[in-house]
Every structure is written in C-alpha cells, then in structure tokens.
$ cat input_0.csv   # CSV, C-alpha atoms
chain,number,residue,atom,x,y,z
A,846,MET,CA,-3.6,-18.7,-19.7
A,847,SER,CA,-0.5,-17.2,-21.3
A,848,PHE,CA,0.2,-13.5,-20.9
A,849,LYS,CA,2.7,-11.3,-22.8
A,850,THR,CA,2.9,-8.3,-20.6
A,851,LEU,CA,3.1,-7.9,-16.8
A,852,PHE,CA,2.1,-4.8,-14.9
A,853,LEU,CA,3.3,-4.7,-11.3
A,854,ASP,CA,2.4,-2.5,-8.4
A,855,ARG,CA,5.5,-1.5,-6.5
A,856,ASP,CA,4.9,-1.1,-2.7
A,857,GLY,CA,3.8,-4.4,-1.2
A,858,ILE,CA,4.7,-6.4,-4.3
A,859,ILE,CA,8.2,-5.6,-5.3
A,860,ASN,CA,9.3,-4.0,-2.0
A,861,GLU,CA,8.1,-4.2,1.6
A,862,ARG,CA,5.3,-1.7,2.2
A,863,ILE,CA,5.8,0.8,4.9
A,864,ILE,CA,2.5,0.9,6.7
A,865,ASP,CA,1.1,4.4,7.0
A,866,GLY,CA,4.4,5.8,5.6
A,867,TYR,CA,6.6,6.2,2.5
A,868,VAL,CA,10.0,5.1,1.3
A,869,THR,CA,11.9,8.3,1.9
A,870,ASN,CA,15.5,7.1,1.6
A,871,LEU,CA,17.2,4.4,-0.4
A,872,ASN,CA,17.9,2.2,2.7
A,873,GLN,CA,14.1,1.9,3.4
A,874,PHE,CA,13.6,0.2,0.0
A,875,ILE,CA,13.7,-3.5,0.8
A,876,PHE,CA,12.9,-6.1,-1.8
A,877,ARG,CA,10.3,-8.6,-0.8
A,878,PRO,CA,11.9,-12.0,-0.5
A,879,ASP,CA,9.0,-13.7,-2.4
A,880,PHE,CA,9.4,-11.3,-5.2
A,881,LEU,CA,13.2,-11.9,-5.5
A,882,ASN,CA,12.5,-15.7,-5.4
A,883,SER,CA,10.0,-15.3,-8.3
A,884,LEU,CA,12.3,-13.4,-10.7
A,885,SER,CA,13.6,-16.2,-12.8
A,886,LEU,CA,10.1,-17.6,-13.3
A,887,LEU,CA,8.5,-14.2,-14.0
A,888,ALA,CA,11.3,-13.4,-16.5
A,889,ARG,CA,10.4,-16.6,-18.5
A,890,LEU,CA,6.6,-16.0,-18.3
A,891,PHE,CA,6.4,-12.4,-19.7
A,892,ASP,CA,7.9,-10.6,-22.7
A,893,LYS,CA,7.6,-7.2,-21.1
A,894,VAL,CA,7.3,-5.9,-17.5
A,895,PHE,CA,6.2,-2.5,-16.3
A,896,VAL,CA,5.7,-1.0,-12.9
A,897,VAL,CA,2.7,1.2,-12.2
A,898,SER,CA,2.6,2.9,-8.8
A,899,ASN,CA,0.8,5.7,-7.0
A,900,GLN,CA,3.3,7.9,-5.2
A,901,GLN,CA,1.3,10.6,-3.6
A,902,GLY,CA,4.2,11.2,-1.1
A,903,ILE,CA,5.5,13.5,-3.9
A,904,GLY,CA,2.3,15.5,-3.8
A,905,LYS,CA,2.4,15.7,-0.1
A,906,GLY,CA,6.0,17.1,-0.3
A,907,ILE,CA,7.5,14.1,1.6
A,908,MET,CA,9.7,13.2,-1.3
A,909,THR,CA,10.7,14.6,-4.7
A,910,THR,CA,10.3,13.2,-8.2
A,911,LYS,CA,14.1,13.3,-8.4
A,912,PHE,CA,14.3,11.0,-5.4
A,913,VAL,CA,11.6,8.6,-6.7
A,914,ASP,CA,13.4,8.5,-10.1
A,915,LEU,CA,16.7,7.7,-8.4
A,916,LEU,CA,15.0,5.0,-6.3
A,917,HIS,CA,13.4,3.4,-9.5
A,918,GLN,CA,16.7,3.6,-11.3
A,919,ASN,CA,18.4,1.8,-8.4
A,920,MET,CA,15.6,-0.8,-8.3
A,921,CYS,CA,15.8,-1.5,-12.0
A,922,GLN,CA,19.6,-1.8,-11.9
A,923,GLU,CA,19.5,-4.2,-9.0
A,924,LEU,CA,16.9,-6.3,-10.8
A,925,LYS,CA,18.9,-6.2,-14.0
A,926,LYS,CA,21.8,-7.8,-12.1
A,927,ARG,CA,19.4,-10.7,-11.4
A,928,ALA,CA,18.4,-11.0,-15.2
A,929,PHE,CA,15.0,-9.4,-14.6
A,930,PHE,CA,14.2,-6.4,-16.8
A,931,ILE,CA,11.6,-3.7,-16.2
A,932,GLU,CA,10.9,-1.9,-19.4
A,933,LYS,CA,9.7,1.3,-17.7
A,934,VAL,CA,8.3,2.5,-14.4
A,935,TYR,CA,5.2,4.7,-14.5
A,936,TYR,CA,4.0,6.5,-11.4
A,937,CYS,CA,1.4,9.1,-10.3
A,938,PRO,CA,2.9,11.9,-8.1
A,939,HIS,CA,-0.5,13.4,-7.4
A,940,LEU,CA,-2.6,13.5,-4.3
A,941,ALA,CA,-5.8,11.3,-4.2
A,942,THR,CA,-7.8,14.6,-3.9
A,943,ASP,CA,-6.3,15.9,-7.1
A,944,HIS,CA,-8.6,13.6,-9.2
A,945,CYS,CA,-5.9,13.3,-11.9
A,946,GLU,CA,-6.1,10.8,-14.7
A,947,CYS,CA,-2.9,8.9,-13.8
A,948,ARG,CA,-3.8,7.8,-10.3
A,949,LYS,CA,-4.8,4.2,-10.1
A,950,PRO,CA,-7.5,3.0,-10.4
A,951,LYS,CA,-7.8,5.4,-13.4
A,952,ILE,CA,-5.9,4.2,-16.4
A,953,GLY,CA,-3.6,7.1,-17.3
A,954,LEU,CA,-0.5,5.1,-16.5
A,955,ALA,CA,-1.6,2.3,-18.8
A,956,ARG,CA,-2.4,4.8,-21.5
A,957,GLN,CA,1.1,6.2,-21.3
A,958,ALA,CA,2.6,2.8,-21.4
A,959,LYS,CA,0.6,2.1,-24.6
A,960,VAL,CA,1.8,5.3,-26.2
A,961,ASP,CA,5.4,4.4,-25.3
A,962,PHE,CA,5.0,0.7,-26.3
A,963,PRO,CA,2.2,0.4,-28.9
A,964,GLU,CA,2.6,-3.3,-29.1
A,965,ILE,CA,1.0,-3.7,-25.6
A,966,ASP,CA,-2.2,-5.7,-25.8
A,967,PHE,CA,-4.1,-5.2,-22.5
A,968,SER,CA,-6.2,-8.3,-23.2
A,969,GLN,CA,-2.9,-10.3,-23.0
A,970,SER,CA,-1.7,-8.5,-19.9
A,971,LEU,CA,-1.7,-9.3,-16.2
A,972,MET,CA,-1.8,-6.7,-13.4
A,973,ILE,CA,-0.4,-7.9,-10.1
A,974,GLY,CA,-1.1,-5.8,-7.0
A,975,ASP,CA,-2.0,-5.9,-3.4
A,976,SER,CA,-4.9,-3.4,-3.2
A,977,GLU,CA,-8.3,-2.9,-4.5
A,978,SER,CA,-7.1,0.1,-6.6
A,979,ASP,CA,-4.6,-2.2,-8.3
A,980,ILE,CA,-7.3,-4.7,-9.2
A,981,LEU,CA,-9.7,-2.0,-10.4
A,982,PHE,CA,-6.9,-0.5,-12.5
A,983,GLY,CA,-6.3,-3.8,-14.2
A,984,LYS,CA,-10.0,-4.4,-14.8
A,985,ASN,CA,-10.5,-0.8,-16.1
A,986,CYS,CA,-7.8,-1.7,-18.7
A,987,ASP,CA,-9.3,-5.0,-19.6
A,988,MET,CA,-6.4,-6.9,-18.1
A,989,LYS,CA,-6.5,-10.0,-16.1
A,990,THR,CA,-5.8,-9.3,-12.4
A,991,ALA,CA,-4.0,-11.0,-9.6
A,992,LEU,CA,-4.3,-10.0,-5.9
A,993,ILE,CA,-1.4,-10.8,-3.7
A,994,SER,CA,-2.7,-11.0,-0.2
A,995,ASP,CA,-3.1,-13.5,2.6
A,996,THR,CA,-6.8,-12.6,2.8
A,997,LEU,CA,-9.5,-11.8,0.3
A,998,SER,CA,-11.1,-8.9,2.2
A,999,HIS,CA,-11.7,-6.7,-0.8
A,1000,SER,CA,-15.1,-5.8,-2.3
A,1001,THR,CA,-16.8,-8.8,-3.8
A,1002,LEU,CA,-17.6,-6.6,-6.8
A,1003,LEU,CA,-13.9,-6.4,-7.6
A,1004,LEU,CA,-12.8,-10.0,-7.2
A,1005,PRO,CA,-9.5,-10.5,-8.9
A,1006,ASP,CA,-9.1,-13.1,-11.6
A,1007,TYR,CA,-6.5,-14.8,-9.5
A,1008,HIS,CA,-5.6,-14.7,-5.8
A,1009,PHE,CA,-2.4,-15.8,-4.2
A,1010,ASN,CA,-0.7,-15.5,-0.9
A,1011,SER,CA,2.6,-14.5,-2.5
A,1012,ILE,CA,3.9,-13.5,-6.0
A,1013,PHE,CA,6.2,-16.6,-5.8
A,1014,GLU,CA,3.1,-18.8,-5.4
A,1015,LEU,CA,1.6,-17.1,-8.5
A,1016,ALA,CA,4.9,-17.5,-10.5
A,1017,LYS,CA,5.1,-21.2,-9.7
A,1018,LYS,CA,1.5,-21.9,-10.7
A,1019,PHE,CA,1.7,-19.9,-13.9
A,1020,ALA,CA,5.0,-21.5,-14.8
A,1021,ILE,CA,3.7,-25.0,-14.3
A,1022,LYS,CA,0.7,-24.2,-16.6
A,1023,LYS,CA,2.8,-22.6,-19.3
A,1024,PHE,CA,5.6,-25.1,-19.4
A,1025,ARG,CA,3.2,-28.1,-19.3
A,1026,SER,CA,1.3,-26.9,-22.4
$ encode --input "input_0.csv" --output "structure tokens"
Amino acid sequence: MSFKTLFLDRDGIINERIIDGYVTNLNQFIFRPDFLNSLSLLARLFDKVFVVSNQQGIGKGIMTTKFVDLLHQNMCQELKKRAFFIEKVYYCPHLATDHCECRKPKIGLARQAKVDFPEIDFSQSLMIGDSESDILFGKNCDMKTALISDTLSHSTLLLPDYHFNSIFELAKKFAIKKFRS
C-alpha cells in the first residue's frame, strides 16, 4: 500500500526513550540509529511527515513548553540537514488525568494537523509508534498503523496493521513494495 502522509511518535521512534523519565535537556535527546538509517527511504515514501507526541512532563512541571519547543526545533533542524523534513510537531502537554482531547489515543493532535494542513487524508496516512496509545490513536483516526517493537505484547484487540522490529525494517519493506510497483 502507498501512503501520502506519515505520523510519527517521538520517544522510542525518533529518539531513544528514557525509561520512567523524560528528556529534560538537549544532550539527553539521542536519535535512534535505526531512525537515522531510515531517513532517505522514509523521505521518498511520504509526501508529508508529522510528529505527534504526548509530553506530560510539561504538566508535571518537569519541563516547560519553551524547552520542548526548542528541543523540537533542534530536532527538525538536525533532520533537515539530512534532507528529512517534518512539516510540524504536535504535542500534548497535559497530564493523563486531565482527560484532554489532545492526548493520544484521543485524536485532538490529528484534528489540529488537519486544520493546519487540510489536504491530509487520514485514509492515506500511516501512524508509526511504539505503544498501544499510538496504535489506538492511528485507528481512531482511520489511519493504518505500524508498531515498532521487538515483541507484540499489546492487546489483541488493538493489533497494528503492521509490526516491525525497527523503523528501518519498515522503511525497507515499504520501499521495496513501492518501487517494485
């Protein structure tokens, strides 16, 4: 299947996840090698790329929106140097207990992306994440979903459309399919 738009989770997909913690300074933001290795393929596969991320560390007072905006600006600039362009980063700063509309798996971040970029067609979009909330978010938006994980331990009710051990593995497989057809 060919997709036009890619939605990416951040922590655990783009950068190394800090288990039971948060990226609180720029030096802690480390790109995942498999993500960096997949950039040229992903850039050829998708017309537009967006990041959607829950960042409840803001709501907990561990970091500020100013810091997260700076981190995302640095991330996007670094990726741009590698010819990979993120249209926009959307994130939810709220606590899980706030029950807001923008925290994944709710679809507020996708709705905002659609307002900003009306040409987005969720039926021609792929959501890549490493958690059940990412997969549910994609399904709630009628996107195809890809779980990046070395195990498939998530609820059988929320099976992703695709499952890969790494984003590089996904990019290779999709590139082969696209460029053979």
$ residues_around --input "input_0.csv" --residues "Leu890 in chain A" --least-positions-apart "5" --cutoff "9 Å" --atoms "only C-alpha atoms" --output "list in words"
Ser847, Phe848, Lys849, Thr850, Leu851, Ser885, Ala1016, Phe1019, Ala1020 and Lys1023 of chain A
$ residues_around --input "input_0.csv" --residues "Leu884 in chain A" --least-positions-apart "6" --cutoff "10 Å" --atoms "all atoms listed in the file" --output "list of chain:residue names"
A:Leu890, A:Leu924, A:Arg927, A:Ala928, A:Phe929, A:Phe930, A:Ile1012, A:Phe1013, A:Ala1016
$ residues_around --input "input_0.csv" --residues "Tyr1007 in chain A" --least-positions-apart "4" --cutoff "10 Å" --atoms "only C-alpha atoms" --output "PyMOL selection string"
chain A and resi 971+973+989-993+1015
$ atom_distance --input "input_0.csv" --atom1 "CA of Asp854 in chain A" --atom2 "CA of Lys1018 in chain A"
19.6 Å
$ closest_residue --input "input_0.csv" --among "A:Leu853, A:Met988, A:Ile859, A:Leu1004" --to "Leu881 in chain A" --atoms "only C-alpha atoms"
A:Ile859
$ closest_residue --input "input_0.csv" --among "A:Asp979, A:Glu932, A:Glu1014, A:Asp865" --to "Pro950 in chain A" --atoms "all atoms listed in the file"
A:Asp979
$ atom_distance --input "input_0.csv" --atom1 "CA of Lys905 in chain A" --atom2 "CA of Phe874 in chain A"
19.1 Å
$ residues_near_point --input "input_0.csv" --point "(9.2, -8.6, 1.5)" --cutoff "6 Å" --atoms "all atoms listed in the file" --output "list in words"
Asn860, Glu861, Phe876, Arg877 and Pro878 of chain A
$ closest_residue --input "input_0.csv" --among "A:Val934, A:Asn1010, A:Ala941, A:Ile952" --to "Lys893 in chain A" --atoms "only C-alpha atoms"
A:Val934
$ closest_residue --input "input_0.csv" --among "A:Ile931, A:Cys937, A:Val897, A:Met908" --to "Ala955 in chain A" --atoms "all atoms listed in the file"
A:Val897
$ atom_distance --input "input_0.csv" --atom1 "CA of Ser898 in chain A" --atom2 "CA of Lys933 in chain A"
11.5 Å
$ residues_around --input "input_0.csv" --residues "Arg956 in chain A" --least-positions-apart "2" --cutoff "12 Å" --atoms "all atoms listed in the file" --output "PyMOL selection string"
chain A and resi 897+935+946-949+951-954+958-963+965-967+982-983+985-986
$ write_last_selection --input "input_0.csv" --atoms "C-alpha atoms" --output "PDB file, keeping the file's coordinate frame"
ATOM      1  CA  VAL A 897       2.700   1.200 -12.200  1.00  0.00           C
ATOM      2  CA  TYR A 935       5.200   4.700 -14.500  1.00  0.00           C
ATOM      3  CA  GLU A 946      -6.100  10.800 -14.700  1.00  0.00           C
ATOM      4  CA  CYS A 947      -2.900   8.900 -13.800  1.00  0.00           C
ATOM      5  CA  ARG A 948      -3.800   7.800 -10.300  1.00  0.00           C
ATOM      6  CA  LYS A 949      -4.800   4.200 -10.100  1.00  0.00           C
ATOM      7  CA  LYS A 951      -7.800   5.400 -13.400  1.00  0.00           C
ATOM      8  CA  ILE A 952      -5.900   4.200 -16.400  1.00  0.00           C
ATOM      9  CA  GLY A 953      -3.600   7.100 -17.300  1.00  0.00           C
ATOM     10  CA  LEU A 954      -0.500   5.100 -16.500  1.00  0.00           C
ATOM     11  CA  ALA A 958       2.600   2.800 -21.400  1.00  0.00           C
ATOM     12  CA  LYS A 959       0.600   2.100 -24.600  1.00  0.00           C
ATOM     13  CA  VAL A 960       1.800   5.300 -26.200  1.00  0.00           C
ATOM     14  CA  ASP A 961       5.400   4.400 -25.300  1.00  0.00           C
ATOM     15  CA  PHE A 962       5.000   0.700 -26.300  1.00  0.00           C
ATOM     16  CA  PRO A 963       2.200   0.400 -28.900  1.00  0.00           C
ATOM     17  CA  ILE A 965       1.000  -3.700 -25.600  1.00  0.00           C
ATOM     18  CA  ASP A 966      -2.200  -5.700 -25.800  1.00  0.00           C
ATOM     19  CA  PHE A 967      -4.100  -5.200 -22.500  1.00  0.00           C
ATOM     20  CA  PHE A 982      -6.900  -0.500 -12.500  1.00  0.00           C
ATOM     21  CA  GLY A 983      -6.300  -3.800 -14.200  1.00  0.00           C
ATOM     22  CA  ASN A 985     -10.500  -0.800 -16.100  1.00  0.00           C
ATOM     23  CA  CYS A 986      -7.800  -1.700 -18.700  1.00  0.00           C
TER      24      CYS A 986
END
$ residues_around --input "input_0.csv" --residues "Thr869 in chain A" --least-positions-apart "6" --cutoff "9 Å" --atoms "only C-alpha atoms" --output "PyMOL selection string"
chain A and resi 902+907-908+912-913
$ closest_residue --input "input_0.csv" --among "A:Phe852, A:Gln918, A:Asp892, A:Gln901" --to "Leu871 in chain A" --atoms "all atoms listed in the file"
A:Gln918
